[in-house]
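Structure data follow from final.txt (compact mmCIF, C-alpha atoms and all ligand atoms):
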```txt
# COMPACT_ATOMS: atom_id res chain seq x y z
CA MET A 190 48.78 19.86 -39.58
CA ARG A 191 45.04 20.37 -39.25
CA ARG A 192 44.85 17.02 -37.50
CA VAL A 193 47.48 18.04 -34.96
CA LEU A 194 45.64 21.30 -34.30
CA ALA A 195 42.35 19.40 -33.83
CA TRP A 196 44.05 16.88 -31.54
CA TYR A 197 45.43 19.74 -29.44
CA GLU A 198 41.96 21.21 -28.97
CA SER A 199 40.78 18.05 -27.25
CA ALA A 200 43.94 16.71 -25.62
CA ALA A 201 46.02 19.68 -24.47
CA ARG A 202 46.85 20.08 -20.82
CA ASP A 203 45.12 22.94 -19.04
CA LEU A 204 48.24 24.85 -18.03
CA PRO A 205 47.93 28.25 -16.35
CA TRP A 206 50.37 30.03 -18.67
CA ARG A 207 48.16 29.06 -21.62
CA GLN A 208 45.11 30.92 -20.32
CA PRO A 209 44.00 33.75 -22.62
CA ASP A 210 44.35 36.49 -19.99
CA VAL A 211 47.91 35.64 -19.01
CA SER A 212 50.37 38.50 -19.36
CA PRO A 213 53.41 38.45 -21.67
CA TRP A 214 55.60 38.64 -18.55
CA ALA A 215 53.95 35.52 -17.11
CA ILE A 216 54.55 33.73 -20.42
CA LEU A 217 58.17 34.84 -20.48
CA VAL A 218 58.68 33.55 -16.93
CA SER A 219 57.06 30.21 -17.84
CA GLU A 220 59.27 29.78 -20.89
CA VAL A 221 62.44 30.39 -18.91
CA MET A 222 61.37 28.04 -16.11
CA LEU A 223 60.27 25.31 -18.52
CA GLN A 224 63.50 25.23 -20.48
CA GLN A 225 65.18 22.69 -18.24
CA THR A 226 62.50 21.76 -15.72
CA PRO A 227 59.40 19.56 -16.17
CA VAL A 228 55.93 21.11 -16.11
CA ALA A 229 54.92 19.48 -12.81
CA ARG A 230 57.84 21.10 -10.99
CA VAL A 231 57.28 24.49 -12.59
CA LEU A 232 53.59 24.96 -11.70
CA GLY A 233 54.09 25.92 -8.02
CA PRO A 234 57.18 28.14 -8.42
CA TRP A 235 55.64 29.91 -11.44
CA THR A 236 52.53 30.82 -9.44
CA ALA A 237 54.56 31.96 -6.43
CA TRP A 238 56.94 33.98 -8.63
CA LEU A 239 54.11 35.89 -10.30
CA GLU A 240 52.35 36.54 -7.01
CA ARG A 241 55.54 38.11 -5.72
CA TRP A 242 56.65 39.77 -8.96
CA PRO A 243 53.60 40.25 -11.20
CA THR A 244 55.49 42.64 -13.50
CA PRO A 245 59.04 43.06 -14.75
CA ALA A 246 59.26 46.28 -12.72
CA ALA A 247 58.46 44.44 -9.50
CA LEU A 248 61.32 42.01 -10.05
CA ALA A 249 63.71 44.68 -11.28
CA ALA A 250 63.16 46.65 -8.07
CA GLU A 251 64.64 43.85 -5.97
CA PRO A 252 68.24 42.61 -5.85
CA SER A 253 69.13 39.70 -8.08
CA ALA A 254 69.85 37.62 -4.97
CA ALA A 255 66.11 37.62 -4.22
CA ALA A 256 65.46 36.03 -7.60
CA VAL A 257 68.10 33.37 -7.03
CA ALA A 258 66.70 32.62 -3.56
CA ALA A 259 63.15 32.31 -4.93
CA TRP A 260 64.29 29.98 -7.70
CA GLY A 261 64.25 27.20 -5.11
CA ARG A 262 64.72 23.74 -6.51
CA LEU A 263 64.00 24.47 -10.16
CA GLY A 264 67.64 23.79 -11.01
CA TYR A 265 70.06 25.69 -13.23
CA PRO A 266 69.76 28.84 -11.07
CA ARG A 267 71.56 30.98 -13.61
CA ARG A 268 68.13 31.25 -15.19
CA ALA A 269 66.97 33.30 -12.18
CA LEU A 270 69.78 35.78 -12.78
CA ARG A 271 68.93 35.95 -16.47
CA LEU A 272 65.28 36.65 -15.70
CA HIS A 273 66.30 39.41 -13.32
CA GLN A 274 68.61 40.93 -15.93
CA ALA A 275 65.83 40.73 -18.51
CA ALA A 276 63.39 42.42 -16.12
CA VAL A 277 65.84 45.29 -15.56
CA ALA A 278 66.34 45.70 -19.32
CA ILE A 279 62.58 45.63 -19.95
CA VAL A 280 62.15 48.47 -17.47
CA GLU A 281 65.07 50.49 -18.83
CA ARG A 282 64.46 50.00 -22.55
CA HIS A 283 60.73 49.34 -22.84
CA GLY A 284 59.10 51.22 -19.97
CA GLY A 285 58.30 48.02 -18.12
CA ASP A 286 56.35 46.32 -20.93
CA VAL A 287 57.65 43.09 -22.42
CA PRO A 288 58.56 43.98 -26.02
CA ARG A 289 56.51 42.46 -28.83
CA THR A 290 58.98 41.63 -31.55
CA TYR A 291 61.35 38.70 -31.84
CA GLU A 292 64.27 41.07 -32.45
CA GLU A 293 63.57 43.16 -29.34
CA LEU A 294 63.10 40.05 -27.24
CA LEU A 295 66.29 38.49 -28.55
CA ALA A 296 68.16 41.67 -27.60
CA LEU A 297 67.22 41.24 -23.93
CA PRO A 298 70.01 39.78 -21.80
CA GLY A 299 69.81 36.05 -21.39
CA LEU A 300 67.08 35.39 -23.97
CA GLY A 301 68.02 33.10 -26.82
CA ASP A 302 66.35 32.24 -30.09
CA TYR A 303 63.92 29.75 -28.57
CA THR A 304 62.64 32.01 -25.79
CA ALA A 305 62.36 35.06 -28.05
CA ALA A 306 60.41 33.09 -30.65
CA ALA A 307 58.19 31.43 -28.04
CA VAL A 308 57.27 34.71 -26.32
CA ALA A 309 56.68 36.52 -29.64
CA SER A 310 54.42 33.65 -30.71
CA PHE A 311 52.55 32.77 -27.52
CA ALA A 312 52.24 36.24 -26.02
CA PHE A 313 51.78 38.30 -29.19
CA GLY A 314 50.59 35.85 -31.86
CA ALA A 315 53.57 36.41 -34.14
CA ARG A 316 54.67 33.92 -36.78
CA HIS A 317 57.98 32.33 -35.80
CA VAL A 318 59.59 28.94 -35.90
CA VAL A 319 59.58 27.72 -32.31
CA VAL A 320 61.77 24.65 -32.05
CA ASP A 321 62.18 22.90 -28.76
CA THR A 322 63.20 19.28 -28.27
CA ASN A 323 59.58 18.09 -28.57
CA VAL A 324 58.98 19.83 -31.89
CA ARG A 325 62.30 18.60 -33.23
CA ARG A 326 61.47 15.02 -32.29
CA VAL A 327 58.01 15.15 -33.88
CA VAL A 328 59.17 16.52 -37.23
CA SER A 329 62.21 14.22 -37.22
CA ARG A 330 59.95 11.20 -36.96
CA ILE A 331 57.14 12.28 -39.26
CA ASP A 332 59.32 13.59 -42.03
CA ALA A 333 62.94 12.46 -41.74
CA GLY A 334 62.14 8.94 -40.52
CA VAL A 335 64.65 9.08 -37.67
CA ALA A 336 64.10 8.93 -33.93
CA GLU A 337 65.42 12.43 -33.38
CA LEU A 338 67.65 14.75 -35.33
CA ARG A 339 70.19 16.71 -33.37
CA PRO A 340 69.79 20.49 -33.25
CA SER A 341 71.20 21.47 -36.63
CA ALA A 342 70.52 23.47 -39.76
CA ARG A 343 68.76 20.44 -41.16
CA SER A 344 66.38 20.02 -38.22
CA ARG A 345 65.66 23.74 -38.25
CA ARG A 346 64.89 23.72 -41.97
CA LEU A 347 62.59 20.80 -41.38
CA ALA A 348 60.74 22.63 -38.61
CA GLU A 349 60.53 25.74 -40.81
CA SER A 350 58.92 23.72 -43.56
CA TYR A 351 56.00 22.99 -41.21
CA LEU A 352 55.45 26.61 -40.19
CA PRO A 353 51.95 27.58 -41.33
CA SER A 354 51.26 30.90 -42.92
CA GLY A 355 49.33 33.52 -40.98
CA SER A 356 47.57 33.13 -37.71
CA ASP A 357 47.89 29.36 -37.39
CA ALA A 358 51.61 29.59 -36.61
CA PRO A 359 51.42 30.00 -32.80
CA GLY A 360 48.77 27.28 -32.66
CA TRP A 361 50.96 24.90 -34.62
CA ALA A 362 53.94 25.66 -32.38
CA VAL A 363 52.13 24.84 -29.15
CA ALA A 364 50.25 21.87 -30.64
CA SER A 365 53.35 20.21 -32.04
CA MET A 366 55.13 20.78 -28.71
CA GLU A 367 52.26 19.19 -26.87
CA LEU A 368 52.19 16.23 -29.24
CA GLY A 369 55.86 15.63 -28.50
CA ALA A 370 55.33 16.01 -24.75
CA LEU A 371 52.28 13.75 -24.45
CA VAL A 372 52.24 11.28 -27.37
CA CYS A 373 55.44 11.32 -29.39
CA THR A 374 57.63 10.96 -26.35
CA SER A 375 61.30 10.18 -26.53
CA ARG A 376 61.22 6.63 -25.17
CA SER A 377 57.65 5.37 -25.43
CA PRO A 378 55.75 7.04 -28.26
CA ARG A 379 52.05 6.20 -28.23
CA CYS A 380 51.64 5.93 -31.96
CA GLY A 381 48.19 4.35 -31.57
CA ALA A 382 46.96 7.66 -30.15
CA CYS A 383 48.78 9.85 -32.65
CA PRO A 384 46.70 11.95 -35.05
CA VAL A 385 49.31 11.67 -37.81
CA ALA A 386 50.44 8.06 -37.38
CA ASP A 387 49.60 7.22 -41.00
CA LEU A 388 51.87 10.01 -42.24
CA CYS A 389 54.84 9.17 -40.05
CA VAL A 390 57.87 7.84 -41.89
CA TRP A 391 59.59 6.62 -38.73
CA ASN A 392 56.52 4.70 -37.59
CA ALA A 393 56.09 3.14 -41.05
CA ALA A 394 59.73 2.03 -40.97
CA GLY A 395 59.18 0.14 -37.72
CA ARG A 396 60.61 2.85 -35.47
CA PRO A 397 64.30 2.14 -35.97
CA ALA A 398 66.39 2.87 -32.90
CA ALA A 399 68.54 5.95 -32.75
CA ALA A 400 72.27 5.46 -33.08
CA GLN A 401 73.70 4.79 -29.65
CA SER A 402 75.25 7.75 -28.00
CA VAL A 403 78.94 7.26 -27.39
CA ARG A 404 78.84 9.56 -24.42
CA PRO A 405 78.17 7.72 -21.19
CA SER A 406 75.28 9.22 -19.28
CA ALA A 407 76.39 11.08 -16.23
CA GLY A 408 75.00 10.00 -12.89
CA TRP A 409 73.73 12.54 -10.41
CA ASN A 410 75.23 11.54 -7.10
CA GLY A 411 78.48 13.28 -6.46
CA THR A 412 78.35 15.49 -9.53
CA ASP A 413 79.26 19.15 -9.47
CA ARG A 414 75.61 19.89 -10.30
CA GLN A 415 74.46 18.10 -7.17
CA CYS A 416 77.12 19.83 -5.11
CA ARG A 417 76.21 23.28 -6.47
CA GLY A 418 72.53 22.62 -5.75
CA ALA A 419 73.30 21.53 -2.20
CA LEU A 420 75.42 24.63 -1.53
CA LEU A 421 72.70 26.95 -2.85
CA GLN A 422 70.08 25.14 -0.80
CA ALA A 423 72.18 25.49 2.37
CA LEU A 424 72.38 29.24 1.74
CA ARG A 425 68.64 29.47 1.09
CA ASP A 426 67.91 27.62 4.32
CA ALA A 427 70.24 29.82 6.37
CA ASP A 428 68.88 32.92 8.07
CA ALA A 429 72.23 34.70 7.77
CA PRO A 430 75.38 34.59 5.63
CA LEU A 431 77.36 31.41 6.19
CA PRO A 432 81.11 31.15 6.83
CA ARG A 433 82.86 29.64 3.87
CA SER A 434 84.35 26.88 6.03
CA VAL A 435 80.88 25.80 7.20
CA LEU A 436 79.61 25.64 3.65
CA VAL A 437 82.59 23.69 2.37
CA GLN A 438 82.40 21.19 5.23
CA SER A 439 78.67 20.68 4.65
CA TRP A 440 79.50 18.67 1.53
CA SER A 441 81.14 15.23 1.60
CA ASP A 442 84.04 16.37 -0.60
CA PRO A 443 85.27 19.78 0.68
CA GLY A 444 87.63 20.21 -2.28
CA GLN A 445 84.79 19.79 -4.71
CA ALA A 446 82.62 22.14 -2.64
CA ASP A 447 85.35 24.79 -2.71
CA ARG A 448 85.64 24.48 -6.47
CA CYS A 449 81.88 24.67 -6.91
CA LEU A 450 81.68 27.74 -4.66
CA ALA A 451 84.20 29.43 -6.94
CA THR A 452 82.09 28.67 -10.05
CA LEU A 453 78.93 29.94 -8.34
CA GLU A 454 80.77 33.15 -7.40
CA ALA A 455 82.11 33.56 -10.92
CA GLU A 456 78.58 33.28 -12.29
CA GLY A 457 77.35 36.00 -9.93
CA LEU A 458 75.09 33.68 -7.95
CA LEU A 459 76.80 34.35 -4.62
CA HIS A 460 77.83 37.46 -2.75
CA GLY A 461 80.56 38.03 -0.18
CA LYS A 462 83.82 36.16 0.04
CA ASP A 463 83.52 35.02 3.65
CA PRO A 464 80.85 34.75 4.97
CA VAL A 465 78.91 33.94 1.84
CA THR A 466 75.31 34.76 1.00
CA LEU A 467 72.98 34.68 -1.98
S1 LIG A 501 53.31 8.00 -35.27
FE1 LIG A 501 54.43 7.73 -33.39
S2 LIG A 501 56.52 8.34 -33.87
FE2 LIG A 501 55.22 9.12 -35.51
S3 LIG A 501 54.72 11.21 -34.88
FE3 LIG A 501 53.08 9.90 -34.12
S4 LIG A 501 53.68 9.33 -32.05
FE4 LIG A 501 55.50 10.15 -33.08
```

Reformat the file's structure so that it appears as structure tokens.
Ligand code: SF4
Amino acid sequence: MRRVLAWYESAARDLPWRQPDVSPWAILVSEVMLQQTPVARVLGPWTAWLERWPTPAALAAEPSAAAVAAWGRLGYPRRALRLHQAAVAIVERHGGDVPRTYEELLALPGLGDYTAAAVASFAFGARHVVVDTNVRRVVSRIDAGVAELRPSARSRRLAESYLPSGSDAPGWAVASMELGALVCTSRSPRCGACPVADLCVWNAAGRPAAAQSVRPSAGWNGTDRQCRGALLQALRDADAPLPRSVLVQSWSDPGQADRCLATLEAEGLLHGKDPVTL
């Protein structure tokens, strides 16, 4: 563990949400944005978001549609709604300050175990197991000798067994995440640059391949996800609410577009039946 912490000191990326003077709100926003979007695509929107809404109160004072519109191309726009809901709850329950404890964070709408643990650790220095896909992959390889355990009680217990006592815990969380992101990557681990290569069971075993997934990987073109993204982008680009017929016809498969509009409405991402707006 000491080796991973030392490696992090010299190799970590200089990311703005890791600066010492960053607010808990800025860290919370980064954690939500980073959940399903790569770092490079988050940097610009994160900066713009915090310039516009530097506090939870600033976001809570605007309609949720503004958050969805500002989410841009980050993908999975439900996260924008969840952030807005969390901002409102922070104002109502905590006087506008992001709460410090894991339990209080977990009680906010839309925050799950990972985000609550990450914010408690990175914003407030608390000791929590923070398990994202990078951490899970690293401990799976070092300790269990497999390419990557699925999220499970076993993988969680394994991650817990690495949690240091005391003040090293947040440092270990971010360092092990970074090791997974930069060195122990999913497809091309750079074991020659790894600070714990000699301890790694998976590496010693010759890096056996993971069992093949039986689920075929979904393409992107023509998926409901692509359609939903295109519909939201059309609404963002429009200066005014758009007639439903125009929106539906803007997509190559109007039936699919109609169905996707209904799911976006059901999730609260759209307003108005016809015309439709964010
Ligand atoms: S030796 Fe390779 S597989 Fe093992 S933890 Fe390091 S980078 Fe990952």

Edge lengths and centre in Å to one decimal, as lines of an AutoDock Vina configuration file, of the axis-aligned box that encloses all listed atoms of ligand LIG 501 (chain A) with 5 Å added on every side?
```
center_x = 54.8
center_y = 9.5
center_z = -33.8
size_x = 13.4
size_y = 13.5
size_z = 13.5
```

Item to check | Protein and nucleic residues near ligand LIG 501 (chain A), 6 Å, only C-alpha atoms and all ligand atoms, as a VMD selection string | outcome: chain A and resid 327 330 to 331 372 to 373 378 to 380 383 385 to 386 389 391 to 392

Item to check | Minimum-distance residue to Leu248 in chain A, chosen among A:Gln438, A:Gln274, A:Ser356, A:Ser212 (using only C-alpha atoms) | outcome: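 Answer, going by the shortest atom-to-atom distance: A:Gln274.
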
Checklist entry - Taking only C-alpha atoms into account, which of A:Gly264, A:Gly369, A:Gly334, A:Pro252 comes nearest Leu467 in chain A? => result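 Under the stated criterion, the closest residue is A:Pro252.
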
Checklist entry - Between A:Asp463, A:Glu367, A:Asp442, A:Glu456, which has the minimum distance to Arg267 in chain A (counting only C-alpha atoms)? => result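 Of the candidates, the smallest distance to Arg267 in chain A is held by A:Glu456.
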
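Atom pair CA of Pro443 in chain A / CA of Gly457 in chain A: separated by 20.9 Å.
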
Next on the checklist: With distances taken over only C-alpha atoms, which residue among A:Val308, A:Leu270, A:Val231, A:His283 lies nearest Ile216 in chain A?
Outcome noted: A:Val308

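Going from CA of Arg326 in chain A over to CA of Asp387 in chain A, you cover 16.7 Å.
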
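Those DNA, RNA and protein residues that approach the point (71.5, 35.3, -20.0) to within 12 Å, considering only C-alpha atoms, are Val221, Tyr265, Pro266, Arg267, Arg268, Ala269, Leu270, Arg271, Leu272, His273, Gln274, Ala275, Ala276, Ala278, Leu295, Ala296, Leu297, Pro298, Gly299, Leu300, Gly301, Asp302, Thr304, Glu456 and Gly457 of chain A.
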
Next on the checklist: So, with all atoms listed in the file as the atoms that count, which of A:Pro432, A:Gly411, A:Pro288, A:Pro464 lies closest to Ala312 in chain A?
Outcome noted: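 Of A:Pro432, A:Gly411, A:Pro288, A:Pro464, the one nearest Ala312 in chain A is A:Pro288, counting all atoms listed in the file.
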
Next on the checklist: Excluding Tyr351 in chain A and its own-chain neighbours fewer than 2 positions away, which residues fall within 9 Å of it when counting only C-alpha atoms? Please give them as JSON, numbers by chain.
Outcome noted: {"A": [190, 318, 328, 346, 347, 348, 349, 353, 361]}

Checklist entry - Please, what distance in Å, to one decimal, runs between CA of Ser253 in chain A and CA of Asp413 in chain A? => result 23.0 Å
